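File shown here: upload.txt, holding compact mmCIF, C-alpha atoms.
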# COMPACT_ATOMS: atom_id res chain seq x y z
CA MET A 1 0.00 0.00 0.00
CA ALA A 2 1.18 3.52 -0.77
CA SER A 3 2.23 5.66 2.19
CA ASP A 4 3.18 9.25 1.38
CA PRO A 5 1.42 11.59 3.81
CA ASP A 6 3.63 14.57 2.99
CA GLN A 7 1.08 16.36 0.85
CA HIS A 8 -2.27 18.06 1.34
CA TYR A 9 -5.32 16.04 0.35
CA ASP A 10 -8.85 16.76 -0.72
CA VAL A 11 -10.20 14.23 1.78
CA ALA A 12 -8.70 12.18 4.59
CA VAL A 13 -10.50 9.08 5.85
CA VAL A 14 -9.71 8.25 9.48
CA GLY A 15 -10.31 4.58 10.19
CA LEU A 16 -9.66 1.79 7.70
CA GLY A 17 -12.15 -0.86 8.68
CA LEU A 18 -14.86 -1.95 6.28
CA ILE A 19 -16.70 1.38 6.12
CA GLY A 20 -13.51 3.44 5.96
CA SER A 21 -11.95 1.33 3.22
CA GLY A 22 -15.20 1.56 1.25
CA ALA A 23 -15.14 5.34 1.62
CA VAL A 24 -11.51 5.60 0.43
CA ARG A 25 -12.29 3.55 -2.66
CA ALA A 26 -15.40 5.63 -3.44
CA LEU A 27 -13.39 8.84 -3.08
CA ALA A 28 -10.61 7.56 -5.33
CA ASP A 29 -13.17 6.45 -7.90
CA ALA A 30 -14.64 9.97 -7.78
CA GLY A 31 -11.27 11.49 -8.62
CA GLN A 32 -10.59 12.91 -5.16
CA ARG A 33 -7.01 13.17 -3.94
CA CYS A 34 -7.51 11.13 -0.79
CA VAL A 35 -5.70 9.38 2.02
CA GLY A 36 -6.81 6.66 4.40
CA VAL A 37 -5.35 6.57 7.91
CA GLY A 38 -5.78 3.49 10.08
CA PRO A 39 -3.83 0.62 11.66
CA ALA A 40 -3.59 -2.90 10.32
CA GLU A 41 -5.00 -5.85 12.25
CA PRO A 42 -2.85 -6.56 15.31
CA ALA A 43 -0.86 -9.78 15.15
CA ASP A 44 -1.27 -10.45 18.88
CA TRP A 45 -4.63 -9.41 20.33
CA SER A 46 -3.65 -10.26 23.88
CA ASN A 47 -0.82 -7.71 23.98
CA HIS A 48 -2.26 -5.06 21.68
CA PRO A 49 -2.49 -1.63 23.37
CA GLY A 50 -4.35 0.13 20.55
CA VAL A 51 -7.74 0.11 18.88
CA PHE A 52 -9.60 -2.90 17.49
CA ALA A 53 -11.87 -3.17 14.46
CA SER A 54 -14.81 -5.41 13.63
CA HIS A 55 -13.51 -7.05 10.44
CA TYR A 56 -10.98 -9.41 12.04
CA ASP A 57 -12.66 -12.55 10.75
CA SER A 58 -13.31 -14.51 7.56
CA GLY A 59 -17.10 -14.75 7.59
CA ARG A 60 -19.91 -12.19 7.59
CA ILE A 61 -23.47 -12.78 6.35
CA THR A 62 -24.72 -10.87 3.32
CA ARG A 63 -28.37 -10.59 2.33
CA HIS A 64 -31.08 -8.27 1.06
CA LEU A 65 -33.71 -9.57 3.47
CA ASP A 66 -34.35 -7.20 6.36
CA ARG A 67 -37.27 -5.80 8.29
CA VAL A 68 -35.75 -2.28 7.98
CA ARG A 69 -35.92 -0.77 4.49
CA GLU A 70 -32.71 1.26 4.80
CA TRP A 71 -30.63 -1.80 5.63
CA GLY A 72 -32.13 -3.59 2.64
CA VAL A 73 -31.30 -0.70 0.31
CA LEU A 74 -27.73 -0.39 1.58
CA ALA A 75 -27.21 -4.13 1.26
CA ALA A 76 -28.60 -4.14 -2.28
CA ARG A 77 -26.18 -1.41 -3.32
CA SER A 78 -23.20 -3.19 -1.82
CA ILE A 79 -24.11 -6.63 -3.17
CA ALA A 80 -24.59 -5.17 -6.65
CA GLY A 81 -20.96 -4.02 -6.57
CA TYR A 82 -19.29 -7.18 -5.25
CA ALA A 83 -18.49 -8.72 -8.63
CA ASP A 84 -16.99 -5.51 -10.02
CA LEU A 85 -14.84 -5.05 -6.91
CA GLU A 86 -13.61 -8.64 -7.13
CA ALA A 87 -12.79 -8.19 -10.81
CA ARG A 88 -10.99 -4.86 -10.36
CA SER A 89 -8.95 -6.02 -7.37
CA GLY A 90 -8.36 -9.64 -8.35
CA ILE A 91 -9.43 -10.60 -4.79
CA ALA A 92 -12.38 -12.96 -4.33
CA PHE A 93 -14.39 -12.41 -1.14
CA HIS A 94 -18.06 -13.20 -1.94
CA ARG A 95 -19.68 -16.64 -1.44
CA PRO A 96 -23.27 -16.65 -2.76
CA VAL A 97 -24.61 -19.72 -0.92
CA GLY A 98 -27.93 -18.11 0.07
CA VAL A 99 -29.41 -17.24 3.45
CA VAL A 100 -32.29 -18.47 5.62
CA LEU A 101 -34.06 -16.34 8.22
CA ALA A 102 -36.04 -18.16 10.93
CA VAL A 103 -38.42 -15.61 12.41
CA PRO A 104 -41.68 -15.36 14.38
CA ALA A 105 -44.86 -14.91 12.37
CA ASP A 106 -45.23 -11.25 13.39
CA GLU A 107 -41.99 -10.30 11.65
CA VAL A 108 -42.77 -11.84 8.26
CA ALA A 109 -44.82 -8.98 6.82
CA ALA A 110 -42.14 -6.32 7.37
CA ILE A 111 -39.40 -8.49 5.85
CA THR A 112 -41.45 -9.52 2.83
CA ALA A 113 -42.44 -5.89 2.19
CA VAL A 114 -38.77 -4.92 1.89
CA ALA A 115 -38.11 -8.00 -0.26
CA GLU A 116 -40.92 -7.02 -2.62
CA GLU A 117 -39.65 -3.46 -2.96
CA LEU A 118 -36.15 -4.73 -3.76
CA ALA A 119 -37.44 -7.51 -6.05
CA VAL A 120 -35.74 -10.21 -3.97
CA ASP A 121 -36.34 -13.84 -4.92
CA LEU A 122 -37.89 -15.23 -1.73
CA SER A 123 -39.16 -18.66 -0.66
CA THR A 124 -41.36 -18.92 2.43
CA TYR A 125 -41.92 -22.01 4.60
CA ALA A 126 -44.71 -22.01 7.19
CA PRO A 127 -43.85 -22.92 10.78
CA ASP A 128 -42.74 -26.54 11.16
CA ALA A 129 -43.50 -27.29 7.50
CA ALA A 130 -41.14 -29.39 5.42
CA SER A 131 -38.34 -27.37 3.87
CA ASP A 132 -35.31 -27.83 1.64
CA PHE A 133 -33.09 -27.65 4.75
CA ASP A 134 -34.52 -30.44 6.90
CA SER A 135 -31.78 -32.97 6.26
CA ARG A 136 -29.00 -30.96 7.95
CA LEU A 137 -30.59 -28.16 9.96
CA SER A 138 -33.07 -27.92 12.82
CA PHE A 139 -34.60 -24.45 13.22
CA PRO A 140 -36.38 -23.19 16.34
CA SER A 141 -39.88 -24.64 16.56
CA GLY A 142 -42.62 -22.30 15.36
CA SER A 143 -40.36 -20.28 13.08
CA THR A 144 -41.34 -19.14 9.63
CA LEU A 145 -38.43 -19.70 7.25
CA LEU A 146 -37.60 -17.03 4.67
CA ALA A 147 -35.00 -18.24 2.18
CA GLU A 148 -33.08 -15.96 -0.17
CA PRO A 149 -30.81 -17.53 -2.79
CA GLY A 150 -27.49 -16.15 -3.98
CA PRO A 151 -26.09 -13.54 -4.26
CA ALA A 152 -27.07 -13.69 -0.58
CA GLY A 153 -24.63 -15.79 1.42
CA HIS A 154 -21.48 -14.53 3.09
CA ILE A 155 -18.35 -12.49 2.51
CA ASP A 156 -14.79 -12.61 3.80
CA PRO A 157 -14.44 -9.15 5.39
CA ARG A 158 -10.65 -9.22 5.50
CA ARG A 159 -10.50 -9.94 1.78
CA MET A 160 -13.14 -7.33 0.97
CA LEU A 161 -11.15 -4.72 2.87
CA ARG A 162 -7.99 -5.65 0.97
CA ALA A 163 -9.94 -5.44 -2.29
CA ASN A 164 -11.17 -1.94 -1.46
CA LEU A 165 -7.70 -0.70 -0.58
CA ALA A 166 -6.12 -2.34 -3.64
CA VAL A 167 -8.55 -0.57 -5.97
CA ALA A 168 -8.23 2.71 -4.06
CA THR A 169 -4.43 2.78 -4.20
CA ALA A 170 -4.48 1.79 -7.87
CA GLY A 171 -6.68 4.85 -8.34
CA GLY A 172 -4.18 7.13 -6.61
CA ALA A 173 -5.21 6.99 -2.96
CA THR A 174 -2.57 7.01 -0.23
CA VAL A 175 -2.78 4.63 2.74
CA VAL A 176 -1.09 5.38 6.06
CA ARG A 177 -1.11 2.32 8.30
CA GLU A 178 -1.11 4.24 11.57
CA ALA A 179 -3.70 4.76 14.30
CA ALA A 180 -4.97 8.35 14.33
CA THR A 181 -5.09 9.92 17.78
CA SER A 182 -6.23 13.49 17.14
CA LEU A 183 -8.15 15.66 14.72
CA GLU A 184 -7.84 19.44 14.58
CA PRO A 185 -9.46 22.10 12.36
CA GLY A 186 -7.34 24.84 10.91
CA SER A 187 -7.17 27.55 8.27
CA SER A 188 -6.33 25.02 5.55
CA GLY A 189 -8.81 22.34 6.54
CA TRP A 190 -8.10 19.55 8.99
CA THR A 191 -5.00 18.05 10.56
CA VAL A 192 -4.88 14.38 11.50
CA THR A 193 -2.07 13.23 13.79
CA THR A 194 -1.17 9.59 14.40
CA ALA A 195 0.18 7.80 17.45
CA THR A 196 3.73 8.02 16.09
CA GLY A 197 3.46 11.69 15.14
CA VAL A 198 2.71 11.38 11.42
CA VAL A 199 0.71 14.44 10.34
CA VAL A 200 -1.82 14.40 7.50
CA THR A 201 -3.71 17.49 6.30
CA ALA A 202 -6.83 17.62 4.16
CA ASP A 203 -9.62 19.98 3.16
CA ARG A 204 -12.26 17.58 4.51
CA VAL A 205 -12.38 14.46 6.66
CA VAL A 206 -14.47 11.31 6.95
CA VAL A 207 -14.17 9.66 10.36
CA ALA A 208 -14.95 5.92 10.31
CA THR A 209 -13.51 4.82 13.64
CA GLY A 210 -16.33 2.54 14.77
CA ALA A 211 -16.38 1.51 18.43
CA HIS A 212 -13.43 3.78 19.24
CA SER A 213 -14.89 7.01 17.81
CA ASP A 214 -15.08 8.73 21.18
CA GLU A 215 -11.33 8.17 21.68
CA LEU A 216 -10.28 10.39 18.76
CA ARG A 217 -9.23 13.68 20.33
CA GLY A 218 -10.87 16.66 18.71
CA LEU A 219 -13.92 14.79 17.40
CA ALA A 220 -16.46 17.26 18.75
CA ASP A 221 -20.09 16.24 19.24
CA CYS A 222 -19.38 12.55 18.76
CA PRO A 223 -22.65 10.63 19.29
CA ALA A 224 -23.01 8.58 22.44
CA PHE A 225 -22.67 5.16 20.88
CA ASP A 226 -23.49 2.12 23.00
CA VAL A 227 -20.61 -0.30 22.47
CA ARG A 228 -21.08 -3.88 23.62
CA GLY A 229 -18.95 -6.98 23.69
CA GLU A 230 -20.21 -10.14 22.06
CA THR A 231 -18.78 -13.64 21.76
CA ILE A 232 -18.62 -15.95 18.76
CA VAL A 233 -17.94 -19.68 18.74
CA MET A 234 -16.18 -21.50 15.92
CA ALA A 235 -16.14 -25.21 15.20
CA THR A 236 -13.18 -26.45 13.16
CA LEU A 237 -14.35 -29.09 10.69
CA GLY A 238 -12.58 -32.08 9.19
CA PRO A 239 -12.94 -33.17 5.55
CA ASP A 240 -15.98 -35.41 6.10
CA GLU A 241 -17.98 -32.73 7.91
CA GLN A 242 -16.95 -30.16 5.34
CA ALA A 243 -18.36 -32.40 2.65
CA ARG A 244 -21.59 -33.06 4.59
CA LEU A 245 -22.24 -29.34 5.10
CA ALA A 246 -21.13 -28.18 1.65
CA GLY A 247 -23.57 -25.66 0.22
CA MET A 248 -25.09 -24.85 3.60
CA PRO A 249 -26.71 -21.37 3.62
CA SER A 250 -26.04 -18.57 6.04
CA ILE A 251 -28.59 -18.51 8.87
CA LEU A 252 -30.22 -15.97 11.15
CA ALA A 253 -32.75 -17.09 13.76
CA GLU A 254 -34.82 -15.56 16.54
CA LEU A 255 -34.69 -17.60 19.74
CA ASP A 256 -36.89 -18.45 22.71
CA ASP A 257 -33.96 -18.93 25.05
CA PRO A 258 -33.25 -17.80 28.62
CA THR A 259 -29.85 -16.35 27.70
CA TYR A 260 -29.87 -15.40 24.01
CA ASP A 261 -32.26 -13.34 21.91
CA ASP A 262 -31.10 -14.42 18.46
CA LEU A 263 -28.25 -16.09 16.59
CA TYR A 264 -26.47 -16.10 13.26
CA VAL A 265 -24.40 -18.82 11.62
CA VAL A 266 -21.82 -18.42 8.86
CA PRO A 267 -21.41 -21.67 6.84
CA PRO A 268 -18.09 -23.55 6.64
CA THR A 269 -15.48 -20.98 5.67
CA ASP A 270 -11.77 -21.01 4.87
CA TYR A 271 -9.61 -19.24 7.46
CA PRO A 272 -6.08 -17.88 6.95
CA ASP A 273 -4.48 -20.73 8.93
CA GLY A 274 -5.84 -23.28 6.43
CA SER A 275 -8.67 -24.49 8.66
CA VAL A 276 -12.36 -24.60 7.72
CA ARG A 277 -14.66 -23.30 10.45
CA LEU A 278 -18.38 -23.05 11.13
CA LYS A 279 -19.17 -19.88 13.12
CA LEU A 280 -22.05 -18.85 15.38
CA GLY A 281 -22.71 -15.59 17.16
CA ALA A 282 -25.62 -14.76 19.46
CA THR A 283 -27.06 -11.67 21.15
CA ARG A 284 -27.42 -11.90 24.91
CA HIS A 285 -30.53 -10.58 26.66
CA ASP A 286 -28.25 -9.00 29.27
CA MET A 287 -25.82 -7.24 26.96
CA PHE A 288 -22.23 -6.69 28.08
CA HIS A 289 -21.52 -2.97 27.69
CA VAL A 290 -17.98 -1.63 27.33
CA HIS A 291 -18.25 2.09 27.86
CA ASP A 292 -14.70 3.34 27.34
CA GLY A 293 -11.48 2.57 25.54
CA ALA A 294 -9.90 0.73 28.44
CA ALA A 295 -12.91 -1.57 28.81
CA ARG A 296 -12.98 -2.27 25.06
CA ARG A 297 -9.30 -3.17 24.96
CA GLU A 298 -9.65 -5.36 28.03
CA TRP A 299 -12.59 -7.23 26.51
CA MET A 300 -10.81 -7.81 23.19
CA SER A 301 -7.49 -8.85 24.72
CA ASP A 302 -8.43 -11.13 27.62
CA ASP A 303 -10.19 -14.51 27.68
CA ARG A 304 -13.53 -13.83 29.38
CA HIS A 305 -15.27 -14.85 26.16
CA ARG A 306 -14.37 -18.46 26.96
CA ASP A 307 -17.08 -18.45 29.62
CA GLU A 308 -19.69 -18.67 26.86
CA LEU A 309 -18.20 -21.66 25.06
CA ASP A 310 -20.60 -24.30 26.38
CA ALA A 311 -23.75 -22.22 25.87
CA LEU A 312 -22.83 -21.16 22.33
CA ARG A 313 -21.72 -24.67 21.39
CA ASP A 314 -25.12 -25.94 22.55
CA LEU A 315 -26.87 -23.44 20.28
CA LEU A 316 -24.83 -24.52 17.27
CA THR A 317 -25.20 -28.26 17.83
CA ALA A 318 -28.97 -27.81 18.28
CA LEU A 319 -29.17 -26.00 14.95
CA VAL A 320 -26.86 -28.45 13.15
CA PRO A 321 -27.73 -31.88 14.60
CA GLY A 322 -24.91 -34.38 14.59
CA LEU A 323 -22.26 -31.71 14.12
CA ALA A 324 -18.81 -33.27 14.36
CA ALA A 325 -16.08 -30.75 15.17
CA GLU A 326 -12.37 -31.38 15.49
CA SER A 327 -12.04 -28.47 17.94
CA TRP A 328 -13.92 -25.50 19.37
CA GLU A 329 -12.88 -21.97 20.26
CA THR A 330 -14.43 -18.62 21.12
CA LYS A 331 -13.46 -15.10 20.09
CA PRO A 332 -14.54 -11.64 21.28
CA CYS A 333 -15.98 -8.91 19.10
CA LEU A 334 -17.30 -5.36 19.47
CA ILE A 335 -20.68 -4.08 18.27
CA THR A 336 -21.43 -0.36 18.03
CA GLN A 337 -25.10 0.43 18.58
CA THR A 338 -26.74 3.71 17.53
CA ALA A 339 -29.94 5.28 18.80
CA SER A 340 -31.65 4.76 15.43
CA GLY A 341 -30.44 1.24 14.73
CA LEU A 342 -28.90 2.60 11.51
CA PRO A 343 -25.37 3.85 10.92
CA VAL A 344 -24.60 7.51 11.50
CA VAL A 345 -23.60 9.25 8.26
CA ASP A 346 -23.68 12.94 9.06
CA HIS A 347 -21.72 16.16 9.31
CA LEU A 348 -20.44 16.90 12.80
CA ALA A 349 -18.88 20.16 11.55
CA PRO A 350 -18.33 21.78 8.15
CA GLY A 351 -16.05 19.46 6.20
CA LEU A 352 -16.21 16.74 8.86
CA VAL A 353 -18.39 13.67 8.27
CA LEU A 354 -18.83 10.78 10.70
CA ALA A 355 -19.65 7.33 9.31
CA ALA A 356 -19.92 4.82 12.15
CA GLY A 357 -22.30 2.59 14.07
CA GLY A 358 -22.77 -0.76 12.36
CA ASN A 359 -25.25 -2.20 14.88
CA GLY A 360 -23.93 -5.66 14.01
CA TYR A 361 -25.25 -5.43 10.43
CA ALA A 362 -22.78 -3.24 8.56
CA ALA A 363 -20.25 -5.63 7.00
CA LYS A 364 -22.47 -6.62 4.09
CA SER A 365 -23.40 -2.98 3.48
CA ALA A 366 -20.10 -1.32 4.33
CA ASN A 367 -19.22 -0.33 0.78
CA ALA A 368 -22.55 1.46 0.38
CA ILE A 369 -22.18 3.19 3.76
CA GLY A 370 -18.67 4.30 2.82
CA ALA A 371 -19.97 5.58 -0.52
CA LEU A 372 -22.71 7.55 1.26
CA ALA A 373 -20.10 9.20 3.47
CA ALA A 374 -17.87 9.94 0.49
CA GLN A 375 -20.75 11.54 -1.38
CA LEU A 376 -21.74 13.61 1.64
CA VAL A 377 -18.25 14.96 2.28
CA VAL A 378 -17.66 15.83 -1.39
CA ASP A 379 -21.09 17.37 -2.02
CA GLY A 380 -21.24 19.12 1.33
CA ALA A 381 -24.91 18.19 1.67
CA TRP A 382 -27.07 15.06 1.55
CA THR A 383 -27.94 14.34 -2.10
CA ASP A 384 -28.95 10.68 -2.02
CA PRO A 385 -32.25 10.37 -3.93
CA ASP A 386 -33.60 7.29 -2.15
CA LEU A 387 -32.55 7.47 1.50
CA ASP A 388 -33.79 10.04 4.01
CA HIS A 389 -30.90 11.79 5.73
CA ARG A 390 -32.92 12.19 8.92
CA ARG A 391 -32.61 8.43 9.44
CA PHE A 392 -28.79 8.71 9.47
CA GLU A 393 -28.29 11.87 11.49
CA ALA A 394 -26.09 11.93 14.56
CA THR A 395 -27.63 12.17 18.00
CA ARG A 396 -25.23 14.53 19.71
CA ARG A 397 -23.59 13.65 23.00
CA VAL A 398 -25.16 15.53 25.89
CA ARG A 399 -22.54 17.73 27.57
Please, can you express the file's structure as structure tokens?
Amino acid sequence: MASDPDQHYDVAVVGLGLIGSGAVRALADAGQRCVGVGPAEPADWSNHPGVFASHYDSGRITRHLDRVREWGVLAARSIAGYADLEARSGIAFHRPVGVVLAVPADEVAAITAVAEELAVDLSTYAPDAASDFDSRLSFPSGSTLLAEPGPAGHIDPRRMLRANLAVATAGGATVVREAATSLEPGSSGWTVTTATGVVVTADRVVVATGAHSDELRGLADCPAFDVRGETIVMATLGPDEQARLAGMPSILAELDDPTYDDLYVVPPTDYPDGSVRLKLGATRHDMFHVHDGAARREWMSDDRHRDELDALRDLLTALVPGLAAESWETKPCLITQTASGLPVVDHLAPGLVLAAGGNGYAAKSANAIGALAAQLVVDGAWTDPDLDHRRFEATRRVR
């Protein structure tokens, strides 16, 4: 990646996770002289003193189906661009194996309404009726199944990020692999300073710093995001189980469970160490909130997540009867909740746009969210013809 901060830019993007990398690519495609500033994934989580991002994994679900129209629209825009991004970067990251939602009857109408607006191919199975998935999967009793075929499925977020940055740098963008610590307005725009003292200046800035947004010094009026820790469980599969579960769709299910509200499952996926893993995540009723930087770093670097191994393993083996795993492990993650349930894409000051708050749904739609932020910072005003800016406005921190 290019790294030449010693020039003034049209736009600087602070934060190079999925949304930030999507914004850098969109800016480069628009002909902006731009720079992205953000650290690479830490090699050793347990001893990492800096910030963490949400893309440190190989599997994220992608789908059009959603009960909230805006999420469906953002997903549709991102999914429509996957093939072009893969072709331009030479990096494959999209696996269109389909997705199944298992939901209560009272949620079906809202989801199907969005599907109809977006012309999504949808199959519906009444509660406890025979389905195409009976041979390998056991969904919660009483659920209506909503099945969307490919291009729904899953993506590799690490690869998608690399694809975005590869296309952006090929288009002239600069990438500085440093953690930004401060942001300051000045007569010539904005100054971004990194932890090692690298200084980047730009006319305008997009901040895409996710769960750590409130730690960037000088980010005035940052919304009061609710950041929570969540645990995932991964089952490493041998060749026979990989073959048995080949073609399995991605899954999201509502639960009637004393501990967990819902779950998601990413089908067997290749990981960088050569293993193939089946992954499950679940939302606790009693969410674990991490209110400041120290708490976030502690959650991501220690091993408290191991306490949920048995409970999460039980959820996965109930959903996939007869699951044979060679090994099991848990990992921590961070989810940034917003007041609206949608990402914030809004000006915090003239020339300063915040794009953050994935609510656990943003990976599939990150390229569209980044493009929204890029358009907003270049145009100086909301010009999207199909999405209402009021739904994406920041709720200012009370001082």
Listed atoms of segment 11-14 of chain A boxed along x, y and z, 8 Å each side, centre and edge lengths in Å, one decimal, as JSON:
{"center_x": -9.6, "center_y": 11.2, "center_z": 5.6, "size_x": 17.8, "size_y": 22.0, "size_z": 23.7}
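Rounded to one decimal, atom CA of Arg95 of chain A and atom CA of Arg177 of chain A lie 28.3 Å from each other.
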Got a sec: who's within 12 Å of segment 169-176 of chain A, counting only C-alpha atoms, leaving out chain neighbours fewer than 3 positions off, as a VMD selection string? chain A and resid 1 to 16 20 to 21 23 to 40 88 to 89 162 to 166 179 to 180 192 to 200
Write out as a ChimeraX atom specification which residues come within 7 Å of segment 236-238 of chain A when counting all atoms listed in the file, dropping same-chain ones fewer than 2 positions away. /A:234,240-242,275-278,325-328
Atom-to-atom span, atom CA of Pro332 of chain A and atom CA of Met300 of chain A, Å: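 Atom-to-atom, atom CA of Pro332 of chain A to atom CA of Met300 of chain A, that is 5.7 Å.
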In Å, with one decimal, what is the gap from atom CA of Ile232 of chain A to atom CA of Ser213 of chain A?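 Atom CA of Ser213 of chain A lies 23.3 Å from atom CA of Ile232 of chain A.
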Between A:Leu354, A:Val108, A:Val206, A:Leu101, smallest distance to Val378 of chain A by all atoms listed in the file belongs to A:Val206
I'd like a table as a tab-separated table: residues in segment 121-142 of chain A with an atom no more than 8 Å from segment 311-322 of chain A, each row giving the shortest atom pair and its distance in Å to one decimal, only C-alpha atoms counted, sorted by chain and rising residue number.
residue	atom	partner	partner_atom	distance
A:Arg136	CA	A:Val320	CA	6.2
A:Leu137	CA	A:Val320	CA	4.9
A:Ser138	CA	A:Leu319	CA	4.8
A:Phe139	CA	A:Leu319	CA	5.9
A:Pro140	CA	A:Leu319	CA	7.9
